[in-house]
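The structure under discussion appears below in the form of structure tokens.
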Amino acid sequence: MDEFSFIDSIRPSYYKQPSLVKGIGDDAAVFRPSGQDVVTAVDTMVEGVHFSRKTMSPFYMGYRALAANLSDLSAMGSTPAFYLVSIVVPEEWEQEELNELYTGMKSLADEYSVDLIGGDTVSGDQLSISVTVFGYVDRGKSRYRSSAKPDDIVFVTGTLGDSRAGLEILLNDLSIDSKEAAFFIERHRRPVPRVDFAQSLLSIERVTLNDVSDGIASEAHEIAEASQVDLHLTMEDVPFTDFIKKWFNKSYKEWMLSGGEDFELIGTVAGEDWNVVEEAAKECGISITKIGTVKEMAHEQPEVYIYENNEKKKLMKSGYTHLKRGE
Ligand SMILES: Nc1ncnc2c1ncn2[C@@H]1O[C@H](COP(=O)(O)OP(=O)(O)O)[C@@H](O)[C@H]1O
Ligand SMILES: Cc1ncc(C[n+]2csc(CCOP(=O)(O)OP(=O)(O)O)c2C)c(N)n1
Ligand SMILES: [Mg+2]
Ligand SMILES: [Mg+2]
Ligand SMILES: [Mg+2]
């Protein structure tokens, strides 16, 4: 195998998106949006930081790199259309493993009819996958972190902390009940981006969305800062899988807030639209939970508060932070 035969092997034989003009094979790809806004994002995953041989097979490395990006598109309310993959591949990687990685991405891409339209292949020391995605959204309909208003309901999809529990099991070879361990591991390896749910909210004029990659302690702050409001959350309302308590009683609360990589959506919406949000979740077969309320800023800086046993505390912006220096 060399770079060129590899590219030939991953080149799609046909594309599903009608707006594609030129796919893989020239200096760049071309697509032609028809009056919609184009939404784009890039997230990178690096061996040793986002995954390791212990936590992920090549299939899941690929699946998850695309899932994280589709999750960002869902948080903008957009419909995914295209992706590009830039990959750094260590010498020892076999062609079969690289094919598996692409099969992992394709398995998710096919579900959403998303086309692979380009990328870059480079040899290097550590596996790194950078995925760039493009999606469409009706003009002016993107969902921003900056749209939260006082009295909004704060909600979150699914359950939190499962992915972190899966990571713990994988990294430390924990032997817990096999069915329950498999659930957490699956939540870590194969997160489901909430694309369908976000799209079912299209009838609502205003909804704030942010996807949970770092943990809601961080994402709630991003909403508070962008919207210049305070968020008041209730710890007892934050949703978790019931058996997480049994295995990780000491840690599960912290993981719910800052474990990260749940790829659920946290958002805010006016009370009068709450029934639409509930209906959307039901349609998509996912759970949705009210976890708090938006309030006007009490001080000069936006804050997130969390109530536990009726005690009010500031929730710090904890979570996974890259580029930490000098601490
Ligand atoms: N190295 C970078 N150069 C330019 N923009 C960046 C860089 N890193 C992050 N951003 C931008 O900063 C914003 C927040 O990024 P990030 O926290 O990674 O978002 P998310 O958690 O949703 O993936 C996004 O608009 C992103 O495009
Ligand atoms: C081997 C391994 N160690 C640690 C983690 C945990 N981890 C790595 S990055 C991250 C946060 C999310 O990644 P980031 O690059 O900040 O995503 P973004 O917010 O840009 O979407 C977490 C919780 C992991 N997934 N795998
Ligand atoms: Mg990012
Ligand atoms: Mg995001
Ligand atoms: Mg992201």
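For the structure tokens, the naming scheme is as follows: chains receive sequential letters (A, B, ...) according to their order of presentation, residues are indexed from 1 within each chain, and ligands are indexed from 1 in presentation order.
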Taking only residues of chain A that have an atom at most 8 Å from an atom of ligand 3, what is each one's shortest atom pair and its distance in Å to one decimal, using only C-alpha atoms and all ligand atoms, in chain and number order, as CSV?
```
residue,atom,partner,partner_atom_place_in_ligand_line,distance
A:Ala41,CA,ligand 3,1 (Mg),7.6
A:Val42,CA,ligand 3,1 (Mg),6.4
A:Asp43,CA,ligand 3,1 (Mg),4.8
A:Thr44,CA,ligand 3,1 (Mg),7.4
A:Asp72,CA,ligand 3,1 (Mg),8.0
```
Nearby residues (only C-alpha atoms) at most 9 Å from range 317-322 of chain A, same-chain spacing under 6 positions excluded, as number ranges by chain: A: 213-222, 257-260, 304
12 Å shell around ligand 5 using only C-alpha atoms and all ligand atoms, listed as a ChimeraX atom specification: /A:40-45,50,64-76,130-133,193,210-215,219,260-265,320
Residue contacts of range 159-170 of chain A (8 Å, only C-alpha atoms) excluding same-chain residues fewer than 3 positions away, as a VMD selection string: chain A and resid 54 to 55 173 to 175 181 183 to 189 238 to 241 244 248 252 to 253 255 to 262 264 287
Point-to-point distance in Å for CA of Ser200 in chain A and CA of Lys141 in chain A: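 Atom-to-atom, CA of Lys141 in chain A and CA of Ser200 in chain A are spaced 13.0 Å apart.
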DSSP strand (DSSP E or B) residues within range 102-320 of chain A, as number ranges by chain: A: 115-123, 128-137, 153-157, 207-211, 230-234, 265-269, 288-295, 304-308, 311-314
